[in-house]
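Engineer: Contents of final_3.txt (compact mmCIF, C-alpha atoms) are given next:
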# COMPACT_ATOMS: atom_id res chain seq x y z
CA MET A 1 130.15 -9.02 84.76
CA THR A 2 130.51 -7.41 81.37
CA ASP A 3 127.28 -9.11 80.30
CA LYS A 4 125.42 -7.56 83.20
CA HIS A 5 124.32 -4.60 81.10
CA ALA A 6 124.23 -6.20 77.68
CA LEU A 7 120.46 -5.77 77.83
CA THR A 8 119.26 -2.19 78.12
CA ALA A 9 116.44 -1.40 80.52
CA GLU A 10 113.10 -2.02 78.84
CA GLN A 11 111.96 1.59 78.65
CA PHE A 12 114.79 2.40 76.24
CA ASP A 13 114.94 1.62 72.52
CA ASP A 14 118.69 0.97 72.48
CA PRO A 15 121.86 1.36 74.59
CA GLU A 16 122.65 4.72 73.01
CA GLN A 17 119.35 6.18 74.19
CA GLU A 18 119.89 4.76 77.69
CA HIS A 19 123.34 6.29 77.77
CA GLU A 20 122.03 9.68 76.65
CA ALA A 21 119.24 9.55 79.26
CA SER A 22 121.77 8.80 82.02
CA THR A 23 123.97 11.67 80.86
CA LEU A 24 121.06 14.11 80.70
CA GLY A 25 120.00 13.06 84.20
CA MET A 26 123.46 13.86 85.54
CA TRP A 27 123.46 17.25 83.81
CA VAL A 28 120.11 18.05 85.45
CA PHE A 29 121.64 17.24 88.83
CA LEU A 30 124.63 19.45 87.99
CA GLY A 31 122.08 22.15 87.12
CA THR A 32 120.79 21.99 90.68
CA GLU A 33 124.38 22.26 91.90
CA VAL A 34 124.75 25.40 89.74
CA LEU A 35 121.71 26.77 91.59
CA PHE A 36 123.34 25.84 94.88
CA PHE A 37 126.73 27.42 94.29
CA GLY A 38 125.33 30.21 92.13
CA VAL A 39 123.61 31.96 95.01
CA LEU A 40 126.80 31.85 97.05
CA PHE A 41 128.64 33.54 94.20
CA ALA A 42 125.81 36.08 93.90
CA SER A 43 126.19 36.92 97.60
CA TYR A 44 129.88 37.37 96.96
CA ALA A 45 129.19 39.66 93.99
CA VAL A 46 126.85 41.90 95.99
CA LEU A 47 129.20 42.19 98.97
CA ARG A 48 132.26 42.80 96.84
CA PHE A 49 130.38 45.41 94.84
CA ASN A 50 129.45 47.23 98.03
CA TYR A 51 132.73 46.84 99.93
CA PRO A 52 135.54 46.70 97.33
CA GLU A 53 138.41 47.94 99.51
CA ALA A 54 137.49 45.60 102.37
CA PHE A 55 137.39 42.60 100.02
CA ALA A 56 140.71 43.59 98.49
CA GLU A 57 142.30 43.86 101.92
CA ALA A 58 140.71 40.61 103.15
CA SER A 59 141.79 38.65 100.07
CA ARG A 60 145.42 39.48 100.76
CA HIS A 61 145.20 37.41 103.94
CA ALA A 62 144.36 34.29 101.98
CA ASN A 63 147.33 32.01 101.31
CA ILE A 64 147.85 32.58 97.58
CA PHE A 65 150.64 30.00 97.30
CA LEU A 66 148.60 27.16 98.78
CA GLY A 67 145.51 28.30 96.89
CA THR A 68 147.38 28.22 93.56
CA VAL A 69 148.90 24.83 94.32
CA ASN A 70 145.43 23.52 95.20
CA THR A 71 144.03 24.82 91.92
CA ALA A 72 146.78 23.02 90.01
CA ILE A 73 146.03 19.86 91.98
CA LEU A 74 142.32 19.94 91.13
CA LEU A 75 143.00 20.67 87.45
CA THR A 76 145.35 17.67 87.35
CA SER A 77 142.73 15.53 89.09
CA SER A 78 140.33 16.43 86.27
CA LEU A 79 142.96 15.16 83.82
CA THR A 80 143.34 11.85 85.67
CA MET A 81 139.53 11.56 85.83
CA ALA A 82 139.25 12.07 82.06
CA LEU A 83 141.99 9.49 81.52
CA ALA A 84 140.12 7.05 83.79
CA ILE A 85 137.03 7.38 81.59
CA ARG A 86 139.19 6.91 78.51
CA SER A 87 140.71 3.75 80.00
CA ALA A 88 137.23 2.41 80.71
CA GLN A 89 136.25 3.10 77.10
CA LEU A 90 139.22 0.98 76.03
CA SER A 91 138.28 -1.81 78.49
CA LYS A 92 141.58 -1.39 80.36
CA HIS A 93 140.32 -2.34 83.82
CA LYS A 94 143.42 -2.00 85.99
CA LEU A 95 144.39 1.25 84.32
CA THR A 96 140.90 2.65 84.94
CA ALA A 97 141.13 1.76 88.62
CA GLY A 98 144.61 3.25 88.73
CA PHE A 99 143.56 6.59 87.30
CA LEU A 100 140.52 6.69 89.61
CA LEU A 101 142.82 6.02 92.58
CA LEU A 102 145.12 8.82 91.41
CA THR A 103 142.14 11.17 91.22
CA ILE A 104 141.18 10.19 94.78
CA LEU A 105 144.72 10.82 96.03
CA LEU A 106 144.80 14.26 94.42
CA GLY A 107 141.43 15.02 96.02
CA ILE A 108 142.73 13.99 99.44
CA LEU A 109 145.84 16.12 98.89
CA PHE A 110 143.57 19.08 98.04
CA LEU A 111 141.63 18.59 101.28
CA GLY A 112 144.83 18.30 103.30
CA ILE A 113 146.18 21.57 101.95
CA LYS A 114 142.79 23.21 102.57
CA GLY A 115 143.05 22.04 106.17
CA VAL A 116 146.49 23.59 106.48
CA GLU A 117 145.06 26.85 105.12
CA TYR A 118 142.15 26.75 107.57
CA TYR A 119 144.55 26.21 110.44
CA GLY A 120 146.61 29.17 109.26
CA GLU A 121 143.51 31.37 109.23
CA TYR A 122 142.60 30.10 112.69
CA GLU A 123 146.02 31.10 113.97
CA LYS A 124 145.65 34.57 112.42
CA GLN A 125 142.29 34.90 114.19
CA LEU A 126 140.29 35.23 110.99
CA VAL A 127 137.51 32.71 111.67
CA PRO A 128 134.15 34.48 112.16
CA GLY A 129 132.00 32.92 114.85
CA LEU A 130 135.10 31.37 116.42
CA ASN A 131 137.90 33.81 117.09
CA PHE A 132 137.61 36.70 114.62
CA VAL A 133 139.71 39.67 115.71
CA TYR A 134 140.71 42.45 113.33
CA GLU A 135 142.00 45.98 113.83
CA GLY A 136 141.01 48.49 111.20
CA ASP A 137 138.14 50.48 109.67
CA ASN A 138 137.06 47.68 107.35
CA ALA A 139 136.92 45.03 110.07
CA GLN A 140 133.21 44.29 109.80
CA SER A 141 133.25 44.01 106.01
CA ILE A 142 136.38 41.86 106.17
CA LYS A 143 134.47 39.62 108.57
CA LEU A 144 131.80 39.27 105.85
CA PHE A 145 134.48 38.23 103.37
CA PHE A 146 135.69 35.52 105.70
CA TYR A 147 132.16 34.29 106.40
CA LEU A 148 131.83 33.80 102.65
CA TYR A 149 135.33 32.32 102.37
CA PHE A 150 134.69 29.61 104.95
CA ILE A 151 131.15 28.83 103.80
CA MET A 152 132.06 28.64 100.10
CA THR A 153 135.27 26.65 100.48
CA GLY A 154 133.69 24.53 103.22
CA VAL A 155 130.71 23.54 101.09
CA HIS A 156 133.07 22.95 98.17
CA ALA A 157 135.21 20.69 100.37
CA ILE A 158 132.10 18.70 101.34
CA HIS A 159 131.47 18.17 97.64
CA VAL A 160 135.07 17.01 97.18
CA ILE A 161 134.60 14.51 100.03
CA ILE A 162 131.41 13.18 98.45
CA GLY A 163 133.24 12.96 95.13
CA ILE A 164 136.06 10.98 96.71
CA GLY A 165 133.52 8.59 98.21
CA THR A 166 131.81 7.91 94.88
CA LEU A 167 135.19 7.63 93.14
CA ALA A 168 136.24 4.96 95.65
CA VAL A 169 133.10 2.92 94.92
CA ILE A 170 133.64 3.21 91.16
CA ALA A 171 137.34 2.37 91.52
CA VAL A 172 136.50 -0.89 93.29
CA MET A 173 133.96 -1.70 90.55
CA ALA A 174 136.57 -0.95 87.88
CA TRP A 175 139.13 -3.19 89.60
CA ARG A 176 136.52 -5.99 89.54
CA GLU A 177 136.14 -5.43 85.77
CA TRP A 178 132.51 -4.30 85.88
CA PHE A 179 133.14 -1.79 83.07
CA SER A 180 134.13 -2.18 79.43
CA SER A 181 133.79 -0.44 76.11
CA ASP A 182 130.16 -1.62 76.10
CA TYR A 183 129.26 -0.07 79.43
CA PHE A 184 131.19 2.53 81.38
CA THR A 185 128.39 5.01 82.11
CA PRO A 186 128.96 5.15 85.91
CA VAL A 187 132.56 6.19 85.37
CA GLU A 188 131.41 8.95 83.02
CA LEU A 189 128.74 10.23 85.42
CA VAL A 190 131.11 10.35 88.40
CA GLY A 191 133.51 12.13 86.06
CA LEU A 192 130.91 14.78 85.26
CA TYR A 193 130.37 15.39 88.98
CA TRP A 194 134.10 15.61 89.65
CA HIS A 195 134.71 18.02 86.75
CA PHE A 196 131.87 20.20 88.00
CA VAL A 197 133.45 20.41 91.47
CA ASP A 198 136.66 21.41 89.70
CA ILE A 199 134.85 24.16 87.76
CA VAL A 200 133.40 25.57 91.00
CA TRP A 201 136.95 25.84 92.37
CA ILE A 202 138.13 27.42 89.09
CA PHE A 203 135.81 30.32 89.88
CA LEU A 204 136.36 30.31 93.65
CA TYR A 205 140.11 30.67 93.28
CA PRO A 206 140.34 34.11 91.60
CA PHE A 207 137.49 35.58 93.65
CA LEU A 208 138.97 34.55 96.98
CA TYR A 209 142.73 34.68 96.38
CA LEU A 210 143.38 37.12 93.53
CA VAL A 211 141.24 40.13 94.41
CA SER A 212 144.09 42.52 94.94
CA ARG A 213 147.72 41.54 94.85
CA GLY A 214 149.17 44.30 92.71
CA MET B 1 130.06 0.15 71.42
CA ILE B 2 127.87 3.00 72.42
CA GLY B 3 129.15 5.09 69.54
CA GLN B 4 131.43 7.09 71.78
CA ASN B 5 134.56 8.37 70.13
CA VAL B 6 137.66 7.93 72.27
CA VAL B 7 139.44 11.23 72.82
CA SER B 8 143.19 10.93 72.27
CA LEU B 9 145.65 11.10 75.14
CA LYS B 10 147.41 13.96 73.35
CA THR B 11 144.24 16.07 73.34
CA TYR B 12 143.73 15.58 77.07
CA LEU B 13 147.34 16.47 77.84
CA LEU B 14 147.15 19.59 75.68
CA VAL B 15 143.97 20.73 77.46
CA TRP B 16 145.65 20.12 80.83
CA ALA B 17 148.70 22.13 79.77
CA ALA B 18 146.42 24.97 78.59
CA LEU B 19 144.60 24.92 81.94
CA LEU B 20 147.85 25.18 83.90
CA PHE B 21 149.06 27.94 81.56
CA LEU B 22 145.86 29.93 82.16
CA LEU B 23 146.34 29.42 85.90
CA LEU B 24 149.83 30.94 85.70
CA VAL B 25 148.51 33.86 83.63
CA SER B 26 145.82 34.60 86.21
CA VAL B 27 148.30 34.50 89.11
CA GLY B 28 150.79 36.62 87.19
CA SER B 29 148.23 39.22 86.13
CA ALA B 30 147.03 39.52 89.73
CA TYR B 31 150.39 41.02 90.68
CA VAL B 32 150.11 43.69 87.96
CA SER B 33 147.87 46.52 89.06
CA LEU B 34 145.31 47.04 86.31
CA GLY B 35 142.52 48.55 88.36
CA PRO B 36 139.07 47.28 87.38
CA PHE B 37 140.52 45.14 84.58
CA ASN B 38 142.11 42.74 87.05
CA VAL B 39 138.74 41.25 87.93
CA VAL B 40 137.70 41.23 84.26
CA ILE B 41 140.84 39.33 83.24
CA ASN B 42 140.51 36.90 86.14
CA PHE B 43 136.87 36.27 85.30
CA LEU B 44 137.55 35.75 81.59
CA ILE B 45 140.41 33.36 82.36
CA ALA B 46 138.14 31.43 84.74
CA VAL B 47 135.47 31.23 82.02
CA GLY B 48 138.12 30.02 79.57
CA LYS B 49 139.27 27.29 81.94
CA ALA B 50 135.67 26.27 82.61
CA LEU B 51 134.95 26.04 78.87
CA LEU B 52 138.02 23.83 78.37
CA VAL B 53 136.89 21.50 81.16
CA LEU B 54 133.28 21.49 79.87
CA SER B 55 134.17 20.88 76.22
CA PHE B 56 136.94 18.32 76.51
CA PHE B 57 136.93 16.70 79.95
CA MET B 58 133.14 16.66 80.23
CA HIS B 59 132.87 15.68 76.55
CA LEU B 60 130.39 18.42 75.60
CA LYS B 61 132.29 18.95 72.36
CA TYR B 62 131.42 15.40 71.38
CA ALA B 63 127.89 15.37 72.78
CA GLY B 64 124.60 15.77 71.02
CA PRO B 65 122.68 19.05 70.89
CA LEU B 66 120.21 18.03 73.61
CA THR B 67 123.02 17.43 76.10
CA LYS B 68 124.50 20.82 75.26
CA VAL B 69 121.15 22.52 75.91
CA PHE B 70 120.84 20.78 79.30
CA ALA B 71 124.37 21.89 80.19
CA ALA B 72 123.71 25.47 79.09
CA ALA B 73 120.48 25.75 81.09
CA GLY B 74 122.21 26.11 84.45
CA PHE B 75 124.49 28.82 83.18
CA PHE B 76 121.60 30.61 81.52
CA TRP B 77 119.94 30.77 84.93
CA LEU B 78 123.14 32.27 86.36
CA LEU B 79 122.86 35.05 83.78
CA LEU B 80 119.39 35.85 85.10
CA LEU B 81 120.56 35.69 88.72
CA PHE B 82 123.58 37.94 88.29
CA GLY B 83 121.93 40.20 85.73
CA LEU B 84 118.87 41.04 87.80
CA THR B 85 120.70 41.15 91.16
CA MET B 86 123.53 43.40 90.01
CA SER B 87 121.22 45.66 88.00
CA ASP B 88 119.49 46.40 91.27
CA TYR B 89 122.62 47.17 93.29
CA SER B 90 124.43 49.04 90.54
CA ALA B 91 121.43 51.39 90.17
CA ARG B 92 121.47 52.46 93.80
CA SER B 93 122.70 55.95 94.55
CA GLN B 94 124.37 54.94 97.81
CA SER B 95 125.42 51.65 99.34
CA ILE B 96 124.12 50.93 102.83
CA SER B 97 126.90 50.92 105.39
CA PHE B 98 127.29 48.04 107.81
CA GLU B 99 126.44 50.27 110.76
CA LYS B 100 123.10 51.25 109.20
CA MET B 101 122.28 47.61 108.41
CA ILE B 102 123.08 46.49 111.96
CA HIS B 103 120.78 49.20 113.27
CA LEU B 104 117.89 47.78 111.23
CA TYR B 105 118.23 44.34 112.82
CA GLN B 106 118.91 45.34 116.40
CA GLU B 107 115.78 44.08 118.17
With the file now loaded, output its structure as structure tokens.
Structural biologist:
Amino acid sequence: MTDKHALTAEQFDDPEQEHEASTLGMWVFLGTEVLFFGVLFASYAVLRFNYPEAFAEASRHANIFLGTVNTAILLTSSLTMALAIRSAQLSKHKLTAGFLLLTILLGILFLGIKGVEYYGEYEKQLVPGLNFVYEGDNAQSIKLFFYLYFIMTGVHAIHVIIGIGTLAVIAVMAWREWFSSDYFTPVELVGLYWHFVDIVWIFLYPFLYLVSRG
Amino acid sequence: MIGQNVVSLKTYLLVWAALLFLLLVSVGSAYVSLGPFNVVINFLIAVGKALLVLSFFMHLKYAGPLTKVFAAAGFFWLLLLFGLTMSDYSARSQSISFEKMIHLYQE
């Protein structure tokens, strides 16, 4: 299988150019994802700018402990992803699959904790459109915060699920020794996607959990 | 070989440690009341973490200039989005209350 990509596709001069083209293509896709998440963050910025006290009060209802643990989990999954790519570069097939599997497990753990958080918010009656009940002057603006909270973390979680799916496919390919130091581009590209999903959470975390704790 | 340099395990572990350290700083600073600077610090720490992930984990530090330009394009667009949007809202003399907004859409 390692000979499968010994020949580069005919439109490219050499493997290096093919590799660069693949990488650029992935960055373009990540650019569209920046567009996608960017507008959600812009909505957040406008609402927070207009209703600062409400957002501060609403943020305190988010589970900061679980949110922080989840951030640490995703950061560690980025480490295991980077190590998976490194293992592929060194043609260490089983190790590559192992690190990819570890990344998947951390992703699943992240989703599980997110589910626990969602359930907690459901019990506290903070889910707009479902059972949102809140006493206080800022209730309507706090409802806006939680609309954003569920939409942003929900869409992010969908991206994590998609990431886990692609990681599983790549992990099986790695176990079957389809990658080597000559060709490991798919591992790199999935890695770029996974790191991007991590970066989105890096920004989501402080804006949703750390607004006002002092 | 595609001419890729292999980043050392030590580098990756150091970056990971730095990321976790920044996470602790952001949580810790959130409990200290610094007024408007809380959000500034949190944002700067998030940018720092993102740059670490972009440079080392996503290999931008070792990539060619064209790749860096492609990566920067998305974030350049974000500057336009946030810059133009917030310049509008920050120049308003009064924010529109929720009650007023609801009134506009009550058909």
Engineer: Where does chain A meet chain B within 8 Å, residue by residue, with the nearest atom pair and distance in Å to one decimal for each, counting all atoms listed in the file, listed by chain and rising number, as a Markdown table?
Structural biologist:
| residue | atom | partner | partner_atom | distance |
| --- | --- | --- | --- | --- |
| A:Pro15 | CA | B:Ile2 | CA | 6.6 |
| A:Glu16 | CA | B:Ile2 | CA | 5.5 |
| A:His19 | CA | B:Ile2 | CA | 7.7 |
| A:Glu20 | CA | B:Thr67 | CA | 7.8 |
| A:Thr23 | CA | B:Thr67 | CA | 7.5 |
| A:Leu24 | CA | B:Thr67 | CA | 6.0 |
| A:Trp27 | CA | B:Ala71 | CA | 6.0 |
| A:Val28 | CA | B:Phe70 | CA | 6.8 |
| A:Leu30 | CA | B:Gly74 | CA | 7.9 |
| A:Gly31 | CA | B:Gly74 | CA | 4.8 |
| A:Thr32 | CA | B:Gly74 | CA | 7.6 |
| A:Val34 | CA | B:Gly74 | CA | 5.9 |
| A:Leu35 | CA | B:Gly74 | CA | 7.2 |
| A:Gly38 | CA | B:Leu78 | CA | 6.5 |
| A:Val39 | CA | B:Leu81 | CA | 7.9 |
| A:Ala42 | CA | B:Phe82 | CA | 6.3 |
| A:Ala45 | CA | B:Met86 | CA | 7.9 |
| A:Val46 | CA | B:Met86 | CA | 7.0 |
| A:Asn50 | CA | B:Ser95 | CA | 6.1 |
| A:Thr68 | CA | B:Val27 | CA | 7.8 |
| A:Thr71 | CA | B:Leu23 | CA | 7.9 |
| A:Ala72 | CA | B:Leu20 | CA | 6.6 |
| A:Leu75 | CA | B:Leu19 | CA | 7.1 |
| A:Thr76 | CA | B:Trp16 | CA | 7.0 |
| A:Ser78 | CA | B:Phe57 | CA | 7.2 |
| A:Leu79 | CA | B:Trp16 | CA | 6.4 |
| A:Ala82 | CA | B:Phe57 | CA | 5.6 |
| A:Leu83 | CA | B:Leu9 | CA | 7.5 |
| A:Arg86 | CA | B:Val6 | CA | 6.5 |
| A:Gln89 | CA | B:Val6 | CA | 7.0 |
| A:Gln140 | CA | B:Phe98 | CA | 7.3 |
| A:Ser141 | CA | B:Phe98 | CA | 7.4 |
| A:Ser181 | CA | B:Met1 | CA | 6.0 |
| A:Asp182 | CA | B:Met1 | CA | 5.0 |
| A:Tyr183 | CA | B:Ile2 | CA | 7.8 |
| A:Gly191 | CA | B:Met58 | CA | 7.4 |
| A:Leu192 | CA | B:Met58 | CA | 5.8 |
| A:His195 | CA | B:Met58 | CA | 6.8 |
| A:Ile199 | CA | B:Ala50 | CA | 5.6 |
| A:Ile202 | CA | B:Ala46 | CA | 5.9 |
| A:Phe203 | CA | B:Ala46 | CA | 5.8 |
| A:Pro206 | CA | B:Asn42 | CA | 6.1 |
| A:Leu210 | CA | B:Ala30 | CA | 5.8 |
| A:Val211 | CA | B:Val39 | CA | 7.0 |
| A:Ser212 | CA | B:Ala30 | CA | 6.7 |
| A:Arg213 | CA | B:Tyr31 | CA | 5.0 |
| A:Gly214 | CA | B:Tyr31 | CA | 4.0 |
Engineer: So what do you get for atom CA of Phe146 of chain A versus atom CA of Glu53 of chain A, distance-wise?
Structural biologist: 14.1 Å
Engineer: What does the structure give for the distance between atom CA of Trp194 of chain A and atom CA of Asp14 of chain A, in Å to one decimal?
Structural biologist: 27.3 Å
Engineer: Taking 5 positions as the minimum chain separation for residues in the same chain, which residues sit within 9 Å of Leu66 of chain A when counting all atoms listed in the file? Answer as a PyMOL selection string.
Structural biologist: chain A and resi 71+113-114+116-117
Engineer: Quick one: residues within 6 Å of Thr80 of chain A, all atoms listed in the file counted, chain neighbours fewer than 3 positions away excluded, as a PyMOL selection string?
Structural biologist: chain A and resi 77+83+99+103
Engineer: Find the spatial neighbours of Ala56 of chain A, counting all atoms listed in the file, within a cut-off of 10 Å - ignore same-chain residues fewer than 2 positions away - and output them as a list of chain:residue names.
Structural biologist: A:Arg48, A:Tyr51, A:Pro52, A:Glu53, A:Ala54, A:Ala58, A:Ser59, A:Arg60, A:His61, A:Ile142, A:Phe145, A:Phe207, A:Leu208, A:Tyr209, A:Leu210, A:Val211, A:Ser212, A:Arg213
Engineer: Could you state the separation of atom CA of Ser93 of chain B and atom CA of Leu148 of chain A in Å, given to one decimal place?
Structural biologist: 25.3 Å
